[in-house]
$ cat input-v5.cif   # mmCIF, C-alpha atoms; chains and numbers go by the auth columns
data_model
#
loop_
_atom_site.group_PDB
_atom_site.id
_atom_site.type_symbol
_atom_site.label_atom_id
_atom_site.label_comp_id
_atom_site.label_asym_id
_atom_site.label_seq_id
_atom_site.Cartn_x
_atom_site.Cartn_y
_atom_site.Cartn_z
_atom_site.B_iso_or_equiv
_atom_site.auth_seq_id
_atom_site.auth_asym_id
ATOM 1 C CA MET A 1 -37.498 -21.703 21.247 0.00 1 G
ATOM 2 C CA TYR A 2 -34.061 -23.159 21.888 0.00 2 G
ATOM 3 C CA GLN A 3 -32.514 -24.766 18.837 0.00 3 G
ATOM 4 C CA PRO A 4 -29.123 -26.436 19.216 0.00 4 G
ATOM 5 C CA PRO A 5 -26.826 -25.318 16.373 0.00 5 G
ATOM 6 C CA ALA A 6 -26.660 -28.851 14.948 0.00 6 G
ATOM 7 C CA PHE A 7 -30.446 -28.819 14.371 0.00 7 G
ATOM 8 C CA ARG A 8 -30.907 -25.179 13.334 0.00 8 G
ATOM 9 C CA GLU A 9 -32.115 -24.554 9.779 0.00 9 G
ATOM 10 C CA GLU A 10 -31.665 -21.040 8.417 0.00 10 G
ATOM 11 C CA ARG A 11 -31.767 -21.606 4.643 0.00 11 G
ATOM 12 C CA VAL A 12 -34.926 -19.878 3.446 0.00 12 G
ATOM 13 C CA GLU A 13 -35.351 -22.279 0.513 0.00 13 G
ATOM 14 C CA ALA A 14 -35.272 -25.297 2.867 0.00 14 G
ATOM 15 C CA LEU A 15 -37.772 -23.664 5.236 0.00 15 G
ATOM 16 C CA HIS A 16 -40.070 -22.815 2.318 0.00 16 G
ATOM 17 C CA ALA A 17 -39.872 -26.420 1.082 0.00 17 G
ATOM 18 C CA LEU A 18 -41.003 -27.659 4.527 0.00 18 G
ATOM 19 C CA MET A 19 -43.902 -25.177 4.575 0.00 19 G
ATOM 20 C CA ARG A 20 -45.066 -26.283 1.125 0.00 20 G
ATOM 21 C CA ALA A 21 -44.765 -29.991 1.896 0.00 21 G
ATOM 22 C CA HIS A 22 -46.471 -29.757 5.314 0.00 22 G
ATOM 23 C CA PRO A 23 -48.821 -26.742 5.356 0.00 23 G
ATOM 24 C CA LEU A 24 -50.565 -27.601 8.641 0.00 24 G
ATOM 25 C CA ALA A 25 -49.064 -25.206 11.177 0.00 25 G
ATOM 26 C CA THR A 26 -49.545 -24.151 14.780 0.00 26 G
ATOM 27 C CA LEU A 27 -50.024 -20.392 15.144 0.00 27 G
ATOM 28 C CA VAL A 28 -49.306 -19.038 18.631 0.00 28 G
ATOM 29 C CA ILE A 29 -49.806 -15.524 20.020 0.00 29 G
ATOM 30 C CA THR A 30 -49.861 -13.961 23.454 0.00 30 G
ATOM 31 C CA ALA A 31 -53.038 -11.903 23.743 0.00 31 G
ATOM 32 C CA ALA A 32 -54.670 -9.932 26.534 0.00 32 G
ATOM 33 C CA GLY A 33 -56.584 -13.053 27.561 0.00 33 G
ATOM 34 C CA GLY A 34 -53.469 -15.241 27.621 0.00 34 G
ATOM 35 C CA VAL A 35 -51.798 -17.502 25.108 0.00 35 G
ATOM 36 C CA GLU A 36 -53.824 -18.524 22.059 0.00 36 G
ATOM 37 C CA ALA A 37 -52.751 -21.383 19.780 0.00 37 G
ATOM 38 C CA ASN A 38 -54.482 -22.963 16.809 0.00 38 G
ATOM 39 C CA HIS A 39 -53.656 -25.573 14.207 0.00 39 G
ATOM 40 C CA LEU A 40 -54.510 -24.361 10.731 0.00 40 G
ATOM 41 C CA PRO A 41 -53.353 -24.751 7.145 0.00 41 G
ATOM 42 C CA LEU A 42 -51.149 -21.898 5.968 0.00 42 G
ATOM 43 C CA LEU A 43 -50.051 -21.420 2.379 0.00 43 G
ATOM 44 C CA LEU A 44 -46.762 -19.785 1.496 0.00 44 G
ATOM 45 C CA ASP A 45 -46.708 -16.868 -0.932 0.00 45 G
ATOM 46 C CA ASP A 46 -42.982 -16.574 -1.550 0.00 46 G
ATOM 47 C CA GLY A 47 -43.512 -13.416 -3.623 0.00 47 G
ATOM 48 C CA GLY A 48 -44.360 -11.433 -0.491 0.00 48 G
ATOM 49 C CA GLY A 49 -41.198 -9.881 0.955 0.00 49 G
ATOM 50 C CA ASP A 50 -37.754 -11.322 1.622 0.00 50 G
ATOM 51 C CA ARG A 51 -39.013 -14.409 3.421 0.00 51 G
ATOM 52 C CA GLY A 52 -42.470 -14.700 1.914 0.00 52 G
ATOM 53 C CA ARG A 53 -45.941 -14.264 3.345 0.00 53 G
ATOM 54 C CA LEU A 54 -48.267 -16.800 4.947 0.00 54 G
ATOM 55 C CA CYS A 55 -51.915 -16.902 3.913 0.00 55 G
ATOM 56 C CA GLY A 56 -54.655 -18.694 5.813 0.00 56 G
ATOM 57 C CA HIS A 57 -58.261 -18.535 6.962 0.00 57 G
ATOM 58 C CA PHE A 58 -59.832 -18.212 10.415 0.00 58 G
ATOM 59 C CA ALA A 59 -63.449 -18.938 11.265 0.00 59 G
ATOM 60 C CA LYS A 60 -65.238 -15.807 12.536 0.00 60 G
ATOM 61 C CA GLU A 61 -65.899 -17.562 15.851 0.00 61 G
ATOM 62 C CA ASN A 62 -62.232 -18.406 16.426 0.00 62 G
ATOM 63 C CA PRO A 63 -60.935 -16.482 19.500 0.00 63 G
ATOM 64 C CA LEU A 64 -57.545 -16.196 17.812 0.00 64 G
ATOM 65 C CA LEU A 65 -59.050 -13.971 15.118 0.00 65 G
ATOM 66 C CA SER A 66 -60.472 -11.470 17.599 0.00 66 G
ATOM 67 C CA ALA A 67 -57.188 -11.501 19.551 0.00 67 G
ATOM 68 C CA LEU A 68 -55.284 -10.649 16.353 0.00 68 G
ATOM 69 C CA GLU A 69 -57.768 -7.906 15.438 0.00 69 G
ATOM 70 C CA GLU A 70 -57.419 -6.337 18.905 0.00 70 G
ATOM 71 C CA ALA A 71 -53.622 -6.617 18.982 0.00 71 G
ATOM 72 C CA GLU A 72 -51.310 -3.694 18.427 0.00 72 G
ATOM 73 C CA ASP A 73 -49.180 -3.443 15.312 0.00 73 G
ATOM 74 C CA GLY A 74 -45.931 -5.341 15.666 0.00 74 G
ATOM 75 C CA LEU A 75 -47.470 -8.243 17.598 0.00 75 G
ATOM 76 C CA ALA A 76 -45.041 -11.169 17.673 0.00 76 G
ATOM 77 C CA VAL A 77 -46.547 -14.343 16.237 0.00 77 G
ATOM 78 C CA LEU A 78 -44.963 -17.795 16.424 0.00 78 G
ATOM 79 C CA VAL A 79 -45.788 -20.152 13.559 0.00 79 G
ATOM 80 C CA ILE A 80 -44.624 -23.750 13.869 0.00 80 G
ATOM 81 C CA PHE A 81 -44.640 -26.005 10.814 0.00 81 G
ATOM 82 C CA HIS A 82 -44.456 -29.681 11.647 0.00 82 G
ATOM 83 C CA GLY A 83 -42.692 -32.082 9.327 0.00 83 G
ATOM 84 C CA PRO A 84 -43.600 -35.723 8.942 0.00 84 G
ATOM 85 C CA SER A 85 -44.072 -37.365 12.303 0.00 85 G
ATOM 86 C CA HIS A 86 -44.874 -40.763 13.712 0.00 86 G
ATOM 87 C CA TYR A 87 -45.086 -42.287 17.150 0.00 87 G
ATOM 88 C CA VAL A 88 -42.192 -44.570 18.032 0.00 88 G
ATOM 89 C CA SER A 89 -43.229 -47.028 20.717 0.00 89 G
ATOM 90 C CA PRO A 90 -40.624 -47.640 23.443 0.00 90 G
ATOM 91 C CA GLY A 91 -41.183 -51.329 22.744 0.00 91 G
ATOM 92 C CA TRP A 92 -39.446 -50.892 19.389 0.00 92 G
ATOM 93 C CA TYR A 93 -36.091 -50.133 21.022 0.00 93 G
ATOM 94 C CA PRO A 94 -33.833 -53.227 21.246 0.00 94 G
ATOM 95 C CA SER A 95 -32.851 -52.195 24.779 0.00 95 G
ATOM 96 C CA LYS A 96 -36.490 -52.601 25.912 0.00 96 G
ATOM 97 C CA ALA A 97 -36.434 -56.354 25.222 0.00 97 G
ATOM 98 C CA LYS A 98 -32.918 -56.699 26.607 0.00 98 G
ATOM 99 C CA ASP A 99 -33.145 -54.915 29.967 0.00 99 G
ATOM 100 C CA GLY A 100 -36.607 -53.318 30.114 0.00 100 G
ATOM 101 C CA LYS A 101 -35.238 -49.800 29.554 0.00 101 G
ATOM 102 C CA ALA A 102 -36.400 -47.846 26.541 0.00 102 G
ATOM 103 C CA VAL A 103 -34.579 -44.532 26.293 0.00 103 G
ATOM 104 C CA PRO A 104 -32.371 -42.507 28.653 0.00 104 G
ATOM 105 C CA THR A 105 -34.760 -39.583 29.105 0.00 105 G
#
$ encode --input "input-v5.cif" --output "structure tokens"
Amino acid sequence: MYQPPAFREERVEALHALMRAHPLATLVITAAGGVEANHLPLLLDDGGGDRGRLCGHFAKENPLLSALEEAEDGLAVLVIFHGPSHYVSPGWYPSKAKDGKAVPT
């Protein structure tokens, strides 16, 4: 995932704080059947290794579990922790009332 340097966070203590405050994560793997992604709560055990260890639970029926069980050792897994988020309506931008344009995207 591209992260511009101005937005990159590499301090382990700051990353751990985000994980503790917002434990709902998206776990993504590429398996034989394609890409699998699930939202699930993950708890940080910061006593496990240099960067800690994530602990969670999968339902037996979850296809992600069988994909992980069938995967080879060293499988790359992407875990995305989401911080606080809210929808910002384009109508909230002052430019929307002024000229009808919301954002330059």
$ closest_residue --input "input-v5.cif" --among "G:Val88, G:Ala17, G:Ala71, G:Ala25" --to "G:Ala37" --atoms "all atoms listed in the file"
G:Ala25
$ residues_around --input "input-v5.cif" --residues "G:Ala31" --least-positions-apart "4" --cutoff "7 Å" --atoms "all atoms listed in the file" --output "number ranges by chain"
G: 35-36, 67
$ atom_distance --input "input-v5.cif" --atom1 "atom CA of G:His82" --atom2 "atom CA of G:Leu54"
15.0 Å
$ resolve_selection --input "input-v5.cif" --expression "the PyMOL selection byres ((chain G and resi 19) around 10)" --output "MDAnalysis selection string"
chainID G and resid 13:18 20:25 41:44 54 80:83
$ closest_residue --input "input-v5.cif" --among "G:Arg51, G:Asp46, G:Gly100, G:Ser89" --to "G:Glu10" --atoms "all atoms listed in the file"
G:Arg51
$ atom_distance --input "input-v5.cif" --atom1 "atom CA of G:Pro84" --atom2 "atom CA of G:Gln3"
18.5 Å
$ axis_aligned_box --input "input-v5.cif" --around "stretch 72-79 of chain G" --padding-each-side "4 Å" --output "AutoDock Vina command-line options"
--center_x -48.1 --center_y -11.8 --center_z 16.0 --size_x 14.3 --size_y 24.7 --size_z 12.9
$ closest_residue --input "input-v5.cif" --among "G:His86, G:Leu64, G:Arg8, G:Ala76" --to "G:Gly33" --atoms "all atoms listed in the file"
G:Leu64
$ atom_distance --input "input-v5.cif" --atom1 "atom CA of G:Asn62" --atom2 "atom CA of G:Asn38"
9.0 Å
$ decode --input "input-v5.cif" --residues "chain G" --atoms "C-alpha atoms" --output "CSV table (one decimal), in the first residue's frame"
chain,number,residue,atom,x,y,z
G,1,MET,CA,0.0,0.0,0.0
G,2,TYR,CA,1.4,3.4,-1.0
G,3,GLN,CA,2.0,5.7,2.0
G,4,PRO,CA,3.3,9.2,1.3
G,5,PRO,CA,6.1,10.0,3.7
G,6,ALA,CA,4.1,12.7,5.4
G,7,PHE,CA,1.4,10.2,6.5
G,8,ARG,CA,3.7,7.2,7.2
G,9,GLU,CA,3.7,6.0,10.9
G,10,GLU,CA,6.6,3.8,11.9
G,11,ARG,CA,6.7,4.2,15.7
G,12,VAL,CA,5.8,0.9,17.1
G,13,GLU,CA,4.3,2.4,20.3
G,14,ALA,CA,2.0,4.7,18.2
G,15,LEU,CA,0.9,1.7,16.0
G,16,HIS,CA,0.2,-0.4,19.1
G,17,ALA,CA,-1.9,2.5,20.6
G,18,LEU,CA,-4.0,2.5,17.5
G,19,MET,CA,-4.5,-1.3,17.6
G,20,ARG,CA,-5.6,-1.1,21.2
G,21,ALA,CA,-7.9,1.8,20.7
G,22,HIS,CA,-9.5,0.4,17.6
G,23,PRO,CA,-9.2,-3.4,17.6
G,24,LEU,CA,-11.6,-4.0,14.6
G,25,ALA,CA,-9.3,-4.9,11.7
G,26,THR,CA,-9.5,-6.1,8.1
G,27,LEU,CA,-7.4,-9.2,7.5
G,28,VAL,CA,-6.5,-9.8,3.9
G,29,ILE,CA,-4.7,-12.8,2.3
G,30,THR,CA,-4.2,-14.1,-1.2
G,31,ALA,CA,-5.2,-17.8,-1.2
G,32,ALA,CA,-5.5,-20.4,-4.0
G,33,GLY,CA,-9.1,-19.4,-4.5
G,34,GLY,CA,-8.3,-15.7,-4.8
G,35,VAL,CA,-8.2,-12.8,-2.3
G,36,GLU,CA,-9.9,-13.3,1.1
G,37,ALA,CA,-10.7,-10.4,3.4
G,38,ASN,CA,-12.6,-10.3,6.7
G,39,HIS,CA,-13.3,-7.8,9.4
G,40,LEU,CA,-12.6,-9.2,12.8
G,41,PRO,CA,-11.5,-8.0,16.2
G,42,LEU,CA,-7.8,-8.6,16.9
G,43,LEU,CA,-6.2,-8.1,20.2
G,44,LEU,CA,-2.5,-7.1,20.6
G,45,ASP,CA,-0.2,-9.2,22.7
G,46,ASP,CA,2.8,-6.9,22.8
G,47,GLY,CA,4.9,-9.5,24.7
G,48,GLY,CA,5.1,-11.6,21.5
G,49,GLY,CA,8.2,-10.7,19.6
G,50,ASP,CA,9.7,-7.3,18.6
G,51,ARG,CA,6.4,-5.9,17.2
G,52,GLY,CA,3.9,-8.0,19.2
G,53,ARG,CA,1.5,-10.7,18.2
G,54,LEU,CA,-2.2,-10.4,17.1
G,55,CYS,CA,-4.7,-12.8,18.6
G,56,GLY,CA,-8.2,-13.3,17.2
G,57,HIS,CA,-10.9,-15.9,16.5
G,58,PHE,CA,-12.4,-17.3,13.3
G,59,ALA,CA,-15.6,-19.2,13.0
G,60,LYS,CA,-15.0,-22.7,11.7
G,61,GLU,CA,-17.2,-22.0,8.7
G,62,ASN,CA,-15.1,-18.9,7.7
G,63,PRO,CA,-13.4,-19.5,4.3
G,64,LEU,CA,-10.5,-17.4,5.5
G,65,LEU,CA,-9.7,-20.0,8.2
G,66,SER,CA,-9.4,-22.9,5.8
G,67,ALA,CA,-7.3,-20.7,3.4
G,68,LEU,CA,-4.9,-20.0,6.2
G,69,GLU,CA,-4.7,-23.7,7.3
G,70,GLU,CA,-4.0,-24.7,3.7
G,71,ALA,CA,-1.4,-21.9,3.1
G,72,GLU,CA,2.3,-22.5,3.1
G,73,ASP,CA,4.5,-21.2,5.9
G,74,GLY,CA,5.6,-17.6,5.3
G,75,LEU,CA,2.2,-16.6,3.8
G,76,ALA,CA,2.1,-12.8,3.7
G,77,VAL,CA,-0.9,-11.4,5.5
G,78,LEU,CA,-2.1,-7.8,5.4
G,79,VAL,CA,-3.9,-6.5,8.5
G,80,ILE,CA,-5.5,-3.1,8.4
G,81,PHE,CA,-6.5,-1.3,11.6
G,82,HIS,CA,-9.0,1.5,11.0
G,83,GLY,CA,-8.9,4.5,13.3
G,84,PRO,CA,-12.0,6.6,14.1
G,85,SER,CA,-13.9,7.4,10.9
G,86,HIS,CA,-17.0,9.4,9.9
G,87,TYR,CA,-18.7,10.3,6.7
G,88,VAL,CA,-18.2,13.9,5.6
G,89,SER,CA,-21.0,14.9,3.3
G,90,PRO,CA,-19.9,17.1,0.3
G,91,GLY,CA,-22.7,19.4,1.4
G,92,TRP,CA,-20.6,20.4,4.4
G,93,TYR,CA,-17.9,22.0,2.3
G,94,PRO,CA,-18.3,25.8,2.1
G,95,SER,CA,-17.5,25.6,-1.6
G,96,LYS,CA,-20.6,23.4,-2.3
G,97,ALA,CA,-22.9,26.3,-1.3
G,98,LYS,CA,-20.8,28.9,-3.1
G,99,ASP,CA,-20.3,27.3,-6.5
G,100,GLY,CA,-21.8,23.8,-6.3
G,101,LYS,CA,-18.3,22.1,-6.2
G,102,ALA,CA,-17.4,20.0,-3.3
G,103,VAL,CA,-13.8,18.7,-3.5
G,104,PRO,CA,-11.2,18.7,-6.3
G,105,THR,CA,-11.1,14.9,-6.7
